[in-house]
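Novice: Sending over a structure as structure tokens; questions will come in a sec.
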Amino acid sequence: MGLHKPTVCIVDSDAAIRSALSALVSTLPVHVLLFNDAEAMLSDMPGEELACVIAEVDLPGRSGIQLVEDMVRKGRKVPTILLTSYSDVPTAVSALQAGAVDFIEKPFVDRQLLERVERAVTYANG
Amino acid sequence: MRPRETEHRTTVFIVDDDAPVRDSLSMLMKSVGLEAETFASAMEFLESYDADRPGCLVLDIRMPGMSGLELQEQLNSMHAIIPIIFITGHGDVPMAVSAIQHGAADFIQKPFRDQDLLDRINKALEQDQHNRETLLEIRGIEQRLASLTPREHEVMELIVEGRPNKVIAGDLDVSQRTVEIHRARVMEKMKASSLAHLVRMVMRANQG
């Protein structure tokens with residue numbers, strides 16, 4: 001296995017948000033992959049180089065929380081940040097209990113999100 | 001683990017500044033056969049806190065004086081392992097996220113159904129028992145590790161790295177027979193049934 005650039009997966013059904021997130025995360029020394037939904041990401045999941053996942057909670061099909069659960073079941077403990085526009089306490093609690101490292105309400109603050117991703121990437125490299 | 005007489009009973013510790021809330025929570029616990037103790041403030045809980053007592057903490061977020069989140073911080077700095085279930089009257093997502101990121105077992109909003117709280121308490125109690133068993137196991141291994149002489153410790157580290165006796169003898173500049181004796185002592189003191197068992201124990205102790 002060669003050395004790969006750490007990869008960040010962005011999963012959101014909204015194309016505008018995908019590209020905004022992509023532009024933001026691309027300011028870090030990472031490789032960015034974009035997915036429409038959880039199923040697409042799961043069937044095309046990168047290997048060891050996957051450092052962080054940013055996913056919307058309310059995805060069509062499997063939700064962001066289910067995506068976290070699926071990854072945990074596959075033994076892939078990838079730091080996952082969930083984003084949501086309609087948040088409430090029970091959803092936030094289930095997201096973190098499922099294994100998400102963070103749960104951020106939209107509109108998110110760029111710097112806050114970047115810090116979280118950076119931390120996840122550093123953690124994956126260390 | 002069989003509970004011995006000296007061991008404490010599992011208790012649900014309830015911290016809330018509102019007396020009627022304390023009483024009704026305490027009655028709810030007792031109605032399902034759970035031991036409960038109530039405290040009117042975070043300070044009062046801290047003063048009688050005993051890390052050896054198993055259970056979980058049902059903690060109000062908003063209290064005069066030390067808040068529930070501040071109590072969590074205090075307990076974290078003491079390396080307390082007691083699971084915390086926060087109760088709040090206000091739906092504040094960032095607060096819930098931060099509480100769980102800092103180790104809270106759960107975070108529940110008022111009003112809640114009794115059964116919902118009881119389910120979460122049972123989960124927290126299971127978690128506490130599991131954590132305590134793990135801690136006990138790690139402490140046992142640490143005690144055995146501490147009983148090794150410096151030389152035995154050195155030999156053990158080389159064994160765990162998977163080096164054969166002959167190589168260890170070369171590394172330490174002693175006879176192979178001496179290494180064999182040390183090795184036997186290490187396995188005996190560590191109560192290790194095999195090399196794999198020894199490796200697992202050392203890894204376990206390093207995790208803790």
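Order determines the names: the first chain of the structure tokens is A, the second B, and so forth; residues in each chain are numbered 1 upward, and ligands are numbered 1 upward as they are shown.
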Set the cut-off to 10 Å and count only C-alpha atoms: what are the residues of chain B that reach chain A? Output as a ChimeraX atom specification.
Specialist: /B:90-101,104-109
Novice: Would you list, as a PyMOL selection string, the residues of chain A that end up in alpha helix (DSSP H) under DSSP run on this structure's backbone?
Specialist: chain A and resi 15-25+38-43+64-73+89-98+110-125
Novice: Run DSSP on the backbone of this structure and report the residues of stretch 57-189 of chain B it assigns to strand (DSSP E), as a PyMOL selection string.
Specialist: chain B and resi 57-60+84-88+106-109
Novice: Using only C-alpha atoms, what does the table of stretch 108-203 of chain B residues within 12 Å of stretch 28-34 of chain B look like, with each row giving the shortest atom pair and its distance in Å to one decimal, sorted by chain and ascending number, as a Markdown table?
Specialist:
```
| residue | atom | partner | partner_atom | distance |
| --- | --- | --- | --- | --- |
| B:Arg113 | CA | B:Leu28 | CA | 11.2 |
| B:Asp114 | CA | B:Leu28 | CA | 7.6 |
| B:Gln115 | CA | B:Leu28 | CA | 9.6 |
| B:Asp116 | CA | B:Leu28 | CA | 11.8 |
| B:Leu117 | CA | B:Leu28 | CA | 9.7 |
| B:Leu118 | CA | B:Met29 | CA | 7.9 |
| B:Asp119 | CA | B:Val32 | CA | 11.4 |
| B:Ile121 | CA | B:Met29 | CA | 9.4 |
| B:Asn122 | CA | B:Leu34 | CA | 9.8 |
| B:Leu125 | CA | B:Leu34 | CA | 10.5 |
```
Novice: Output the selection as an mmCIF file, in the first residue's frame - N, CA, C and O atoms for each residue.
Specialist:
```cif
data_model
loop_
_atom_site.group_PDB
_atom_site.id
_atom_site.type_symbol
_atom_site.label_atom_id
_atom_site.label_comp_id
_atom_site.auth_asym_id
_atom_site.auth_seq_id
_atom_site.Cartn_x
_atom_site.Cartn_y
_atom_site.Cartn_z
ATOM 1 N N ARG B 113 -41.084 10.717 28.974
ATOM 2 C CA ARG B 113 -41.898 9.628 29.505
ATOM 3 C C ARG B 113 -41.039 8.877 30.517
ATOM 4 O O ARG B 113 -39.840 8.659 30.278
ATOM 5 N N ASP B 114 -41.655 8.463 31.626
ATOM 6 C CA ASP B 114 -40.908 7.743 32.660
ATOM 7 C C ASP B 114 -40.128 6.572 32.081
ATOM 8 O O ASP B 114 -38.960 6.360 32.397
ATOM 9 N N GLN B 115 -40.809 5.805 31.214
ATOM 10 C CA GLN B 115 -40.181 4.609 30.679
ATOM 11 C C GLN B 115 -38.944 4.969 29.859
ATOM 12 O O GLN B 115 -37.942 4.257 29.873
ATOM 13 N N ASP B 116 -39.016 6.099 29.173
ATOM 14 C CA ASP B 116 -37.889 6.547 28.369
ATOM 15 C C ASP B 116 -36.671 6.802 29.256
ATOM 16 O O ASP B 116 -35.560 6.359 28.962
ATOM 17 N N LEU B 117 -36.913 7.488 30.372
ATOM 18 C CA LEU B 117 -35.805 7.751 31.295
ATOM 19 C C LEU B 117 -35.278 6.439 31.880
ATOM 20 O O LEU B 117 -34.063 6.223 31.956
ATOM 21 N N LEU B 118 -36.189 5.545 32.268
ATOM 22 C CA LEU B 118 -35.767 4.275 32.873
ATOM 23 C C LEU B 118 -34.922 3.458 31.895
ATOM 24 O O LEU B 118 -33.914 2.857 32.282
ATOM 25 N N ASP B 119 -35.324 3.456 30.607
ATOM 26 C CA ASP B 119 -34.547 2.729 29.595
ATOM 27 C C ASP B 119 -33.123 3.272 29.533
ATOM 28 O O ASP B 119 -32.150 2.523 29.467
ATOM 29 N N ILE B 121 -31.571 4.946 31.851
ATOM 30 C CA ILE B 121 -30.869 4.654 33.100
ATOM 31 C C ILE B 121 -30.338 3.225 33.087
ATOM 32 O O ILE B 121 -29.187 2.966 33.441
ATOM 33 N N ASN B 122 -31.162 2.295 32.625
ATOM 34 C CA ASN B 122 -30.698 0.905 32.581
ATOM 35 C C ASN B 122 -29.491 0.754 31.677
ATOM 36 O O ASN B 122 -28.554 0.009 31.981
ATOM 37 N N LEU B 125 -26.510 2.117 33.504
ATOM 38 C CA LEU B 125 -26.067 1.225 34.578
ATOM 39 C C LEU B 125 -25.273 0.050 34.011
ATOM 40 O O LEU B 125 -24.271 -0.379 34.583
#
```
Novice: So that I can see what lies close to stretch 43-52 of chain B, please list as an MDAnalysis selection string the residues with an atom at most 8 Å from it, counting only C-alpha atoms and leaving out residues fewer than 5 positions away in the same chain.
Specialist: chainID B and resid 8 15 66 80:82
Novice: Convert the current residue selection to file output with N, CA, C and O atoms, as a compact mmCIF listing (two decimals), in the first residue's frame.
Specialist:
```txt
# COMPACT_ATOMS: atom_id res chain seq x y z
N HIS B 8 -20.70 -1.94 47.31
CA HIS B 8 -21.85 -1.07 47.39
C HIS B 8 -22.93 -1.51 46.43
O HIS B 8 -22.66 -2.11 45.41
N VAL B 15 -29.32 14.58 41.00
CA VAL B 15 -28.95 15.93 41.42
C VAL B 15 -29.85 16.94 40.72
O VAL B 15 -29.81 17.09 39.50
N MET B 66 -23.07 25.71 41.11
CA MET B 66 -22.40 24.90 40.10
C MET B 66 -23.44 24.24 39.18
O MET B 66 -24.34 23.56 39.65
N ALA B 80 -13.47 10.51 36.92
CA ALA B 80 -14.62 9.71 37.37
C ALA B 80 -15.19 8.97 36.16
O ALA B 80 -15.17 9.48 35.05
N ILE B 81 -15.69 7.75 36.40
CA ILE B 81 -16.24 6.99 35.27
C ILE B 81 -17.75 6.88 35.35
O ILE B 81 -18.37 6.26 34.49
N ILE B 82 -18.36 7.47 36.35
CA ILE B 82 -19.81 7.31 36.51
C ILE B 82 -20.55 7.91 35.30
O ILE B 82 -20.30 9.05 34.92
```
Novice: Find the distance between atom CA of A:Val25 and atom CA of A:Val121 and write it in Å to one decimal.
Specialist: 11.1 Å
Novice: Just want the 8 Å neighbourhood of A:Gly99, counted on only C-alpha atoms, with same-chain residues fewer than 4 positions away dropped. Output as a PyMOL selection string.
Specialist: chain A and resi 68-69+72+80+95
Novice: Near B:Asn165, within 10 Å and counting only C-alpha atoms, which residues show up once chain neighbours fewer than 2 positions away are dropped, as a list in words?
Specialist: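 After dropping sequence-adjacent residues, the list is Val155, Leu158, Ile159, Gly162, Arg163, Val167, Ile168, Ala169, Gly170, Asp171, Ser175, Gln176, Arg177, Thr178, Val179, Glu180 and Arg183 of chain B.
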Novice: May I have the residues from that selection written out with all heavy atoms, as a tab-separated table (two decimals), in the first residue's frame?
Specialist:
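Printed below is result-v3.tsv as written:
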```tsv
chain	number	residue	atom	x	y	z
B	155	VAL	N	12.72	-8.56	30.16
B	155	VAL	CA	12.55	-9.81	29.41
B	155	VAL	C	11.12	-9.89	28.85
B	155	VAL	O	10.91	-10.26	27.69
B	155	VAL	CB	12.85	-11.03	30.31
B	155	VAL	CG1	12.46	-12.33	29.61
B	155	VAL	CG2	14.33	-11.05	30.69
B	158	LEU	N	10.59	-7.95	25.70
B	158	LEU	CA	11.17	-8.61	24.53
B	158	LEU	C	10.33	-9.81	24.10
B	158	LEU	O	10.16	-10.07	22.92
B	158	LEU	CB	12.62	-9.01	24.82
B	158	LEU	CG	13.56	-7.81	25.08
B	158	LEU	CD1	14.90	-8.26	25.61
B	158	LEU	CD2	13.75	-7.00	23.80
B	159	ILE	N	9.80	-10.53	25.09
B	159	ILE	CA	8.92	-11.68	24.77
B	159	ILE	C	7.71	-11.19	23.99
B	159	ILE	O	7.32	-11.77	22.99
B	159	ILE	CB	8.42	-12.40	26.06
B	159	ILE	CG1	9.56	-12.95	26.88
B	159	ILE	CG2	7.42	-13.49	25.71
B	159	ILE	CD1	9.11	-13.51	28.24
B	162	GLY	N	7.84	-10.63	20.55
B	162	GLY	CA	7.88	-11.85	19.75
B	162	GLY	C	9.29	-12.40	19.53
B	162	GLY	O	9.52	-13.25	18.68
B	163	ARG	N	10.26	-11.93	20.34
B	163	ARG	CA	11.63	-12.42	20.13
B	163	ARG	C	11.82	-13.78	20.78
B	163	ARG	O	11.39	-13.99	21.92
B	163	ARG	CB	12.64	-11.44	20.75
B	163	ARG	CG	12.67	-10.14	20.01
B	163	ARG	CD	13.58	-9.18	20.73
B	163	ARG	NE	13.41	-7.87	20.15
B	163	ARG	CZ	14.39	-7.18	19.59
B	163	ARG	NH1	15.61	-7.69	19.54
B	163	ARG	NH2	14.16	-6.00	19.08
B	167	VAL	N	17.46	-15.00	20.90
B	167	VAL	CA	17.70	-13.60	20.52
B	167	VAL	C	17.73	-12.71	21.76
B	167	VAL	O	18.58	-11.83	21.90
B	167	VAL	CB	16.60	-13.12	19.54
B	167	VAL	CG1	16.79	-11.65	19.19
B	167	VAL	CG2	16.61	-13.97	18.28
B	168	ILE	N	16.79	-12.99	22.70
B	168	ILE	CA	16.74	-12.20	23.94
B	168	ILE	C	18.05	-12.38	24.71
B	168	ILE	O	18.62	-11.41	25.23
B	168	ILE	CB	15.54	-12.61	24.81
B	168	ILE	CG1	14.23	-12.34	24.05
B	168	ILE	CG2	15.54	-11.87	26.14
B	168	ILE	CD1	12.98	-12.81	24.76
B	169	ALA	N	18.54	-13.60	24.75
B	169	ALA	CA	19.80	-13.88	25.45
B	169	ALA	C	20.91	-13.03	24.85
B	169	ALA	O	21.70	-12.43	25.59
B	169	ALA	CB	20.13	-15.38	25.34
B	170	GLY	N	20.94	-12.94	23.54
B	170	GLY	CA	21.94	-12.11	22.85
B	170	GLY	C	21.75	-10.64	23.19
B	170	GLY	O	22.71	-9.94	23.53
B	171	ASP	N	20.48	-10.20	23.13
B	171	ASP	CA	20.17	-8.78	23.40
B	171	ASP	C	20.64	-8.37	24.80
B	171	ASP	O	21.17	-7.28	24.99
B	171	ASP	CB	18.64	-8.55	23.35
B	171	ASP	CG	18.13	-8.51	21.92
B	171	ASP	OD1	18.98	-8.43	21.01
B	171	ASP	OD2	16.91	-8.57	21.73
B	175	SER	N	22.86	-15.91	29.41
B	175	SER	CA	22.71	-17.24	28.80
B	175	SER	C	21.24	-17.50	28.47
B	175	SER	O	20.34	-16.89	29.06
B	175	SER	CB	23.21	-18.32	29.77
B	175	SER	OG	22.25	-18.50	30.79
B	176	GLN	N	21.04	-18.41	27.55
B	176	GLN	CA	19.67	-18.74	27.13
B	176	GLN	C	18.91	-19.35	28.31
B	176	GLN	O	17.72	-19.14	28.48
B	176	GLN	CB	19.75	-19.73	25.97
B	176	GLN	CG	18.52	-19.69	25.09
B	176	GLN	CD	18.72	-20.52	23.84
B	176	GLN	OE1	19.79	-20.47	23.23
B	176	GLN	NE2	17.73	-21.29	23.49
B	177	ARG	N	19.65	-20.09	29.14
B	177	ARG	CA	19.04	-20.73	30.31
B	177	ARG	C	18.47	-19.65	31.26
B	177	ARG	O	17.37	-19.79	31.80
B	177	ARG	CB	20.13	-21.57	31.02
B	177	ARG	CG	19.68	-22.22	32.31
B	177	ARG	CD	18.78	-23.42	32.06
B	177	ARG	NE	18.10	-23.83	33.29
B	177	ARG	CZ	16.79	-24.02	33.41
B	177	ARG	NH1	16.00	-23.83	32.39
B	177	ARG	NH2	16.28	-24.41	34.55
B	178	THR	N	19.22	-18.57	31.43
B	178	THR	CA	18.78	-17.47	32.30
B	178	THR	C	17.48	-16.86	31.75
B	178	THR	O	16.54	-16.58	32.50
B	178	THR	CB	19.87	-16.38	32.38
B	178	THR	OG1	21.07	-17.00	32.79
B	178	THR	CG2	19.49	-15.28	33.37
B	179	VAL	N	17.44	-16.67	30.42
B	179	VAL	CA	16.25	-16.11	29.80
B	179	VAL	C	15.07	-17.04	30.05
B	179	VAL	O	13.97	-16.60	30.39
B	179	VAL	CB	16.45	-15.89	28.29
B	179	VAL	CG1	15.15	-15.45	27.62
B	179	VAL	CG2	17.53	-14.86	28.04
B	180	GLU	N	15.29	-18.34	29.91
B	180	GLU	CA	14.21	-19.32	30.13
B	180	GLU	C	13.65	-19.20	31.55
B	180	GLU	O	12.43	-19.27	31.76
B	180	GLU	CB	14.71	-20.74	29.89
B	180	GLU	CG	14.75	-21.12	28.42
B	180	GLU	CD	15.63	-22.33	28.13
B	180	GLU	OE1	15.90	-23.10	29.08
B	180	GLU	OE2	16.05	-22.48	26.97
B	183	ARG	N	11.69	-16.00	31.82
B	183	ARG	CA	10.46	-16.16	31.04
B	183	ARG	C	9.42	-16.93	31.85
B	183	ARG	O	8.24	-16.54	31.92
B	183	ARG	CB	10.78	-16.89	29.74
B	183	ARG	CG	9.60	-16.96	28.81
B	183	ARG	CD	9.96	-17.78	27.57
B	183	ARG	NE	8.95	-17.61	26.57
B	183	ARG	CZ	9.13	-17.01	25.39
B	183	ARG	NH1	10.29	-16.54	25.05
B	183	ARG	NH2	8.14	-16.89	24.54
```
Novice: Please, what distance in Å, to one decimal, runs between atom CA of A:Ile54 and atom CA of A:Val11?
Specialist: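 The value is 6.2 Å.
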Novice: Could you tell me how far atom CA of B:Gly68 sits from atom CA of A:Tyr86, in Å to one decimal place?
Specialist: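 Answer for the atom CA of A:Tyr86 to atom CA of B:Gly68 separation: 26.2 Å.
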